[in-house]
Structure formats: structure tokens, C-alpha cells
file work16.cif (mmCIF, C-alpha atoms)
data_work
loop_
_atom_site.label_atom_id
_atom_site.label_comp_id
_atom_site.auth_asym_id
_atom_site.auth_seq_id
_atom_site.Cartn_x
_atom_site.Cartn_y
_atom_site.Cartn_z
CA MET A 458 -35.97 -31.20 2.52
CA ARG A 459 -35.40 -27.62 3.57
CA LYS A 460 -32.90 -27.14 0.77
CA THR A 461 -35.50 -28.34 -1.72
CA ALA A 462 -38.01 -25.81 -0.37
CA GLU A 463 -35.45 -23.01 -0.50
CA PHE A 464 -34.58 -23.96 -4.07
CA LEU A 465 -38.29 -23.90 -5.00
CA SER A 466 -38.62 -20.44 -3.44
CA LEU A 467 -35.73 -19.07 -5.45
CA ALA A 468 -37.03 -20.76 -8.61
CA ALA A 469 -40.44 -19.17 -8.02
CA LEU A 470 -38.83 -15.73 -7.66
CA ALA A 471 -36.90 -16.31 -10.87
CA ALA A 472 -40.11 -17.38 -12.63
CA LEU A 473 -41.88 -14.23 -11.45
CA ILE A 474 -39.04 -12.08 -12.74
CA PHE A 475 -39.08 -13.97 -16.05
CA ILE A 476 -42.84 -13.40 -16.42
CA ILE A 477 -42.50 -9.68 -15.64
CA VAL A 478 -39.61 -9.22 -18.06
CA ASN A 479 -41.47 -11.16 -20.74
CA VAL A 480 -44.65 -9.12 -20.21
CA PHE A 481 -42.95 -5.73 -20.42
CA TYR A 482 -40.09 -6.44 -22.82
CA GLY A 483 -41.14 -9.60 -24.67
CA PRO A 484 -42.51 -9.93 -28.19
CA HIS A 485 -46.16 -10.19 -27.06
CA PRO A 486 -47.10 -7.11 -25.02
CA LEU A 487 -50.24 -7.11 -22.93
CA PRO A 488 -53.20 -4.85 -23.67
CA GLY A 489 -53.53 -1.62 -21.70
CA ARG A 490 -56.12 -3.19 -19.41
CA ILE A 491 -55.69 -6.62 -17.84
CA PRO A 492 -57.79 -8.70 -15.44
CA THR A 493 -56.68 -8.15 -11.86
CA HIS A 494 -59.45 -9.84 -9.89
CA PHE A 495 -61.54 -12.97 -10.38
CA ASP A 496 -64.72 -14.18 -8.68
CA ALA A 497 -65.15 -17.62 -7.10
CA HIS A 498 -66.03 -19.11 -10.50
CA GLY A 499 -62.91 -17.74 -12.17
CA GLN A 500 -64.66 -14.97 -14.10
CA VAL A 501 -62.98 -11.57 -14.36
CA ASN A 502 -64.58 -8.94 -12.13
CA GLY A 503 -61.76 -6.42 -11.84
CA TRP A 504 -59.46 -4.74 -14.33
CA GLY A 505 -56.25 -2.77 -14.02
CA SER A 506 -53.00 -1.75 -15.60
CA PRO A 507 -50.34 -4.30 -16.60
CA ARG A 508 -48.16 -2.56 -14.02
CA SER A 509 -50.33 -4.18 -11.35
CA LEU A 510 -48.38 -7.37 -12.08
CA LEU A 511 -45.43 -5.71 -10.38
CA PHE A 512 -47.36 -6.07 -7.10
CA PHE A 513 -46.86 -9.85 -7.16
CA LEU A 514 -43.16 -9.43 -7.72
CA ALA A 515 -42.75 -6.77 -5.02
CA PHE A 516 -44.87 -8.71 -2.52
CA SER A 517 -43.04 -11.95 -3.33
CA VAL A 518 -39.61 -10.39 -2.83
CA ALA A 519 -40.77 -8.79 0.43
CA MET A 520 -42.22 -12.09 1.66
CA TYR A 521 -39.08 -14.00 0.68
CA LEU A 522 -36.85 -11.51 2.51
CA LEU A 523 -39.10 -11.38 5.58
CA LEU A 524 -39.42 -15.15 5.98
CA THR A 525 -35.73 -15.64 5.28
CA GLY A 526 -34.88 -13.03 7.92
CA VAL A 527 -37.27 -14.48 10.48
CA SER A 528 -35.79 -17.94 9.97
CA ARG A 529 -32.47 -16.65 11.31
CA PHE A 530 -33.97 -16.54 14.83
CA PRO A 531 -35.71 -19.88 15.51
CA SER A 532 -35.15 -19.55 19.26
CA LEU A 533 -37.62 -16.64 19.29
CA PHE A 534 -40.47 -18.58 17.65
CA ASN A 535 -43.68 -19.36 19.47
CA TYR A 536 -43.90 -23.16 19.52
CA PRO A 537 -47.12 -25.12 20.14
CA VAL A 538 -45.33 -27.30 22.72
CA LYS A 539 -43.02 -26.71 25.66
CA VAL A 540 -39.42 -26.24 24.53
CA THR A 541 -36.82 -28.04 26.61
CA GLU A 542 -33.12 -28.54 26.23
CA PHE A 543 -33.87 -32.04 24.92
CA ASN A 544 -36.26 -31.08 22.12
CA ARG A 545 -35.07 -27.57 21.21
CA ALA A 546 -32.90 -28.60 18.24
CA GLN A 547 -35.58 -30.82 16.72
CA LEU A 548 -38.32 -28.21 17.22
CA GLU A 549 -36.18 -25.51 15.66
CA GLN A 550 -35.47 -27.72 12.64
CA LEU A 551 -39.18 -28.45 12.23
CA ALA A 552 -40.05 -24.75 12.51
CA LEU A 553 -37.42 -23.82 9.94
CA SER A 554 -38.72 -26.53 7.63
CA LEU A 555 -42.26 -25.21 8.06
CA LEU A 556 -41.18 -21.67 7.19
CA SER A 557 -39.25 -22.87 4.15
CA TRP A 558 -42.17 -24.89 2.79
CA ILE A 559 -44.74 -22.16 3.42
CA LYS A 560 -42.47 -19.69 1.63
CA ALA A 561 -42.07 -22.03 -1.34
CA GLU A 562 -45.80 -22.76 -1.53
CA VAL A 563 -46.89 -19.13 -1.35
CA LEU A 564 -44.33 -17.99 -3.92
CA THR A 565 -45.30 -20.84 -6.24
CA PHE A 566 -48.94 -19.81 -5.89
CA PHE A 567 -48.00 -16.24 -6.83
CA VAL A 568 -46.25 -17.54 -9.94
CA TRP A 569 -49.41 -19.39 -10.91
CA MET A 570 -51.58 -16.30 -10.22
CA GLU A 571 -49.35 -14.00 -12.25
CA PHE A 572 -49.15 -16.48 -15.12
CA ALA A 573 -52.95 -16.96 -15.02
CA MET A 574 -53.50 -13.19 -15.08
CA VAL A 575 -51.25 -12.85 -18.11
CA GLN A 576 -53.07 -15.69 -19.88
CA ALA A 577 -56.45 -14.16 -19.01
CA ALA A 578 -55.27 -10.82 -20.39
CA ARG A 579 -54.28 -12.47 -23.66
CA ASN A 580 -57.46 -14.63 -23.80
CA PRO A 581 -60.17 -12.76 -21.83
CA GLU A 582 -62.93 -15.25 -22.67
CA ARG A 583 -60.97 -18.05 -21.05
CA GLY A 584 -61.26 -16.96 -17.41
CA LEU A 585 -59.43 -18.63 -14.57
CA SER A 586 -59.80 -22.07 -13.05
CA PRO A 587 -60.81 -21.81 -9.38
CA TYR A 588 -59.31 -25.22 -8.49
CA PRO A 589 -55.70 -24.12 -7.93
CA VAL A 590 -56.86 -21.70 -5.22
CA GLY A 591 -58.53 -24.54 -3.33
CA ALA A 592 -55.50 -26.75 -3.87
CA PHE A 593 -53.26 -23.99 -2.52
CA VAL A 594 -55.34 -23.69 0.66
CA VAL A 595 -55.31 -27.47 1.19
CA ILE A 596 -51.56 -27.69 0.59
CA VAL A 597 -50.69 -24.84 2.96
CA PHE A 598 -52.90 -26.10 5.77
CA SER A 599 -51.63 -29.66 5.25
CA THR A 600 -48.06 -28.43 5.54
CA ILE A 601 -48.87 -26.59 8.76
CA PHE A 602 -50.73 -29.61 10.17
CA VAL A 603 -47.93 -32.07 9.37
CA HIS A 604 -45.30 -29.86 10.97
CA ILE A 605 -47.36 -29.18 14.10
CA VAL A 606 -48.04 -32.90 14.55
CA ALA A 607 -44.30 -33.53 14.16
CA MET A 608 -43.62 -30.90 16.85
CA PHE A 609 -46.02 -32.58 19.28
CA ARG A 610 -44.35 -35.93 18.58
CA ALA A 611 -40.92 -34.42 19.14
CA ALA A 612 -42.05 -32.97 22.46
CA LYS A 613 -43.53 -36.31 23.55
CA THR A 614 -40.46 -38.40 22.70
CA SER A 615 -38.10 -36.06 24.52
CA GLN A 616 -39.86 -36.30 27.89
#

call {"tool": "encode", "arguments": {"input": "work16.cif", "output": "C-alpha cells"}}
result
Amino acid sequence: MRKTAEFLSLAALAALIFIIVNVFYGPHPLPGRIPTHFDAHGQVNGWGSPRSLLFFLAFSVAMYLLLTGVSRFPSLFNYPVKVTEFNRAQLEQLALSLLSWIKAEVLTFFVWMEFAMVQAARNPERGLSPYPVGAFVVIVFSTIFVHIVAMFRAAKTSQ
């Protein structure tokens, strides 16, 4: 499963790069002012330069590198259960899986946000659907919950 999450993360980075390249060098350039912020109902309430789209790419690359680097040291993580010699390997695998899935989910969300901003710039009257933001929050917290429950189970079975 971790390999799937890592693949999704790399695919999301590739999609972000594709969107950026298409925006700046593609056949349909964006206007000089694009929506950069939306209210809770999906209506535009902030405008900026198309270059602001580079923020998602830069932040995504930084997040990918940071989480990938952190995952190299699972023994230093702060686990919600006591780590013993019997459960260490399983807890580390669960923590690495959690990091991989969170990375994939956040990067996928950034792809959606960047794509939605581009679409809103091309069709300003359309706005943005607020539902994916709620879905993102539910998915991330569900991922965290499932992995933490798995860690507690791993600690219980190794006693």
C-alpha cells in the first residue's frame, strides 16, 4: 500500500508540473488576474497574479521532500503507544504508511485546488465547489484515525 501512496504522490507532483507548464506555455493563457482565494460557498473573494500558482508547486515540492526525508528516520517518531522490541517494526511500518498516505492526499488536494483555480480563472462566474475541501478534511482525518487505531492494536497484540 505504501508504494501505491508514493506513486500517487509522484503522480500528483507530475500533474502540478503539467498544469503549471500548460498555464504558462500552453495554447490558452490565463488572464492577468486570477482568483486566489474562495469563501466557504466557493465564491471568489481574492485575486492575484497567475504566478501565484507557482506557490502550490513550490509548497508541494517542499512538502514532498520534507515528508520523504522525515520518513527515513521512523525510529525518531513520536508514537501514540509504548514502543517495545516486539512491536517496533510494525509501528514503524504503520507510521511510514501514514506519512505516505498523508503526503499523497495533501498533494492530490493541491492538484485539485490548482486545477480549480485555473478553471475559475477561465470561467469566473463558475466559482468553486466547497465539497472537495470537506471531503479532503474527512479523508485526512480518517487516514490518521485508521493508522492510530492500527498502532494501538499492534501495541496490544505484542504484549

call {"tool": "resolve_selection", "arguments": {"input": "work16.cif", "expression": "the PyMOL selection byres ((chain A and resi 520) around 12)", "output": "list in words"}}
result
Ser466, Leu467, Leu470, Phe512, Phe513, Leu514, Ala515, Phe516, Ser517, Val518, Ala519, Tyr521, Leu522, Leu523, Leu524, Thr525, Gly526, Val527, Leu556, Ser557, Ile559, Lys560, Ala561, Glu562, Val563, Leu564 and Phe567 of chain A

call {"tool": "resolve_selection", "arguments": {"input": "work16.cif", "expression": "the PyMOL selection byres ((chain A and resi 587) around 12)", "output": "count of residues only"}}
result
20

call {"tool": "closest_residue", "arguments": {"input": "work16.cif", "among": "A:Thr600, A:Thr614, A:Asn535, A:Ser509", "to": "Ser554 of chain A", "atoms": "only C-alpha atoms"}}
result
A:Thr600

call {"tool": "atom_distance", "arguments": {"input": "work16.cif", "atom1": "atom CA of Arg529 of chain A", "atom2": "atom CA of Ala469 of chain A"}}
result
21.1 Å

call {"tool": "closest_residue", "arguments": {"input": "work16.cif", "among": "A:Ser506, A:Thr565, A:Ser532, A:Thr541", "to": "Leu553 of chain A", "atoms": "all atoms listed in the file"}}
result
A:Ser532

call {"tool": "resolve_selection", "arguments": {"input": "work16.cif", "expression": "the PyMOL selection byres ((chain A and resi 536) around 9)", "output": "list in words"}}
result
Phe534, Asn535, Pro537, Val538, Lys539, Val540, Leu548, Glu549, Ala552, Ile605 and Met608 of chain A

call {"tool": "closest_residue", "arguments": {"input": "work16.cif", "among": "A:Ile596, A:Val603, A:Leu533, A:Ile477", "to": "Leu551 of chain A", "atoms": "only C-alpha atoms"}}
result
A:Val603

call {"tool": "closest_residue", "arguments": {"input": "work16.cif", "among": "A:Asn544, A:Leu487, A:His494, A:Glu582", "to": "Arg610 of chain A", "atoms": "all atoms listed in the file"}}
result
A:Asn544

call {"tool": "closest_residue", "arguments": {"input": "work16.cif", "among": "A:Pro484, A:Met458, A:Ala612, A:Ile601", "to": "Glu542 of chain A", "atoms": "all atoms listed in the file"}}
result
A:Ala612

call {"tool": "atom_distance", "arguments": {"input": "work16.cif", "atom1": "atom CA of Gln576 of chain A", "atom2": "atom CA of Ile491 of chain A"}}
result
9.7 Å

call {"tool": "atom_distance", "arguments": {"input": "work16.cif", "atom1": "atom CA of Ala546 of chain A", "atom2": "atom CA of Ala607 of chain A"}}
result
13.1 Å

call {"tool": "residues_around", "arguments": {"input": "work16.cif", "residues": "Ile476 of chain A", "least_positions_apart": "6", "cutoff": "10 Å", "atoms": "all atoms listed in the file", "output": "list in words"}}
result
Leu470, Tyr482, Gly483, Leu510, Leu514, Val568, Glu571, Phe572 and Val575 of chain A

call {"tool": "closest_residue", "arguments": {"input": "work16.cif", "among": "A:Val478, A:Ala472, A:Leu555, A:Leu465", "to": "Arg508 of chain A", "atoms": "all atoms listed in the file"}}
result
A:Val478

call {"tool": "build_atoms", "arguments": {"input": "work16.cif", "residues": "segment 537-567 of chain A", "atoms": "N, CA and C atoms", "output": "mmCIF file, in the frame of the given file"}}
result
data_model
loop_
_atom_site.group_PDB
_atom_site.id
_atom_site.type_symbol
_atom_site.label_atom_id
_atom_site.label_comp_id
_atom_site.auth_asym_id
_atom_site.auth_seq_id
_atom_site.Cartn_x
_atom_site.Cartn_y
_atom_site.Cartn_z
ATOM 1 N N PRO A 537 -45.863 -24.621 19.565
ATOM 2 C CA PRO A 537 -47.120 -25.120 20.140
ATOM 3 C C PRO A 537 -46.903 -26.095 21.307
ATOM 4 N N VAL A 538 -45.660 -26.374 21.625
ATOM 5 C CA VAL A 538 -45.330 -27.300 22.720
ATOM 6 C C VAL A 538 -44.261 -26.644 23.581
ATOM 7 N N LYS A 539 -44.058 -27.227 24.762
ATOM 8 C CA LYS A 539 -43.020 -26.710 25.660
ATOM 9 C C LYS A 539 -41.644 -27.050 25.092
ATOM 10 N N VAL A 540 -40.779 -26.056 25.043
ATOM 11 C CA VAL A 540 -39.420 -26.240 24.530
ATOM 12 C C VAL A 540 -38.511 -26.555 25.713
ATOM 13 N N THR A 541 -37.783 -27.648 25.584
ATOM 14 C CA THR A 541 -36.820 -28.040 26.610
ATOM 15 C C THR A 541 -35.452 -28.155 25.970
ATOM 16 N N GLU A 542 -34.463 -28.380 26.790
ATOM 17 C CA GLU A 542 -33.120 -28.540 26.230
ATOM 18 C C GLU A 542 -33.010 -29.812 25.392
ATOM 19 N N PHE A 543 -33.914 -30.767 25.641
ATOM 20 C CA PHE A 543 -33.870 -32.040 24.920
ATOM 21 C C PHE A 543 -34.539 -31.972 23.538
ATOM 22 N N ASN A 544 -35.538 -31.121 23.405
ATOM 23 C CA ASN A 544 -36.260 -31.080 22.120
ATOM 24 C C ASN A 544 -36.029 -29.803 21.325
ATOM 25 N N ARG A 545 -35.271 -28.872 21.874
ATOM 26 C CA ARG A 545 -35.070 -27.570 21.210
ATOM 27 C C ARG A 545 -34.538 -27.706 19.788
ATOM 28 N N ALA A 546 -33.519 -28.479 19.581
ATOM 29 C CA ALA A 546 -32.900 -28.600 18.240
ATOM 30 C C ALA A 546 -33.893 -29.178 17.238
ATOM 31 N N GLN A 547 -34.631 -30.211 17.645
ATOM 32 C CA GLN A 547 -35.580 -30.820 16.720
ATOM 33 C C GLN A 547 -36.748 -29.876 16.422
ATOM 34 N N LEU A 548 -37.226 -29.164 17.442
ATOM 35 C CA LEU A 548 -38.320 -28.210 17.220
ATOM 36 C C LEU A 548 -37.885 -27.069 16.308
ATOM 37 N N GLU A 549 -36.679 -26.589 16.511
ATOM 38 C CA GLU A 549 -36.180 -25.510 15.660
ATOM 39 C C GLU A 549 -36.049 -25.976 14.213
ATOM 40 N N GLN A 550 -35.577 -27.192 14.003
ATOM 41 C CA GLN A 550 -35.470 -27.720 12.640
ATOM 42 C C GLN A 550 -36.846 -27.864 11.992
ATOM 43 N N LEU A 551 -37.820 -28.331 12.759
ATOM 44 C CA LEU A 551 -39.180 -28.450 12.230
ATOM 45 C C LEU A 551 -39.776 -27.084 11.899
ATOM 46 N N ALA A 552 -39.531 -26.096 12.760
ATOM 47 C CA ALA A 552 -40.050 -24.750 12.510
ATOM 48 C C ALA A 552 -39.403 -24.130 11.271
ATOM 49 N N LEU A 553 -38.111 -24.342 11.121
ATOM 50 C CA LEU A 553 -37.420 -23.820 9.940
ATOM 51 C C LEU A 553 -37.908 -24.509 8.675
ATOM 52 N N SER A 554 -38.165 -25.804 8.769
ATOM 53 C CA SER A 554 -38.720 -26.530 7.630
ATOM 54 C C SER A 554 -40.108 -25.985 7.274
ATOM 55 N N LEU A 555 -40.924 -25.763 8.291
ATOM 56 C CA LEU A 555 -42.260 -25.210 8.060
ATOM 57 C C LEU A 555 -42.182 -23.865 7.349
ATOM 58 N N LEU A 556 -41.329 -22.979 7.843
ATOM 59 C CA LEU A 556 -41.180 -21.670 7.190
ATOM 60 C C LEU A 556 -40.714 -21.812 5.746
ATOM 61 N N SER A 557 -39.767 -22.685 5.510
ATOM 62 C CA SER A 557 -39.250 -22.870 4.150
ATOM 63 C C SER A 557 -40.333 -23.362 3.204
ATOM 64 N N TRP A 558 -41.127 -24.339 3.656
ATOM 65 C CA TRP A 558 -42.170 -24.890 2.790
ATOM 66 C C TRP A 558 -43.307 -23.901 2.563
ATOM 67 N N ILE A 559 -43.688 -23.164 3.599
ATOM 68 C CA ILE A 559 -44.740 -22.160 3.420
ATOM 69 C C ILE A 559 -44.271 -21.100 2.421
ATOM 70 N N LYS A 560 -43.031 -20.682 2.565
ATOM 71 C CA LYS A 560 -42.470 -19.690 1.630
ATOM 72 C C LYS A 560 -42.505 -20.222 0.202
ATOM 73 N N ALA A 561 -42.081 -21.436 0.011
ATOM 74 C CA ALA A 561 -42.070 -22.030 -1.340
ATOM 75 C C ALA A 561 -43.485 -22.158 -1.890
ATOM 76 N N GLU A 562 -44.426 -22.579 -1.059
ATOM 77 C CA GLU A 562 -45.800 -22.760 -1.530
ATOM 78 C C GLU A 562 -46.462 -21.441 -1.898
ATOM 79 N N VAL A 563 -46.280 -20.434 -1.068
ATOM 80 C CA VAL A 563 -46.890 -19.130 -1.350
ATOM 81 C C VAL A 563 -46.276 -18.513 -2.605
ATOM 82 N N LEU A 564 -44.981 -18.573 -2.737
ATOM 83 C CA LEU A 564 -44.330 -17.990 -3.920
ATOM 84 C C LEU A 564 -44.725 -18.753 -5.186
ATOM 85 N N THR A 565 -44.854 -20.054 -5.089
ATOM 86 C CA THR A 565 -45.300 -20.840 -6.240
ATOM 87 C C THR A 565 -46.732 -20.467 -6.621
ATOM 88 N N PHE A 566 -47.564 -20.244 -5.623
ATOM 89 C CA PHE A 566 -48.940 -19.810 -5.890
ATOM 90 C C PHE A 566 -48.949 -18.448 -6.591
ATOM 91 N N PHE A 567 -48.079 -17.544 -6.164
ATOM 92 C CA PHE A 567 -48.000 -16.240 -6.830
ATOM 93 C C PHE A 567 -47.553 -16.373 -8.275
#
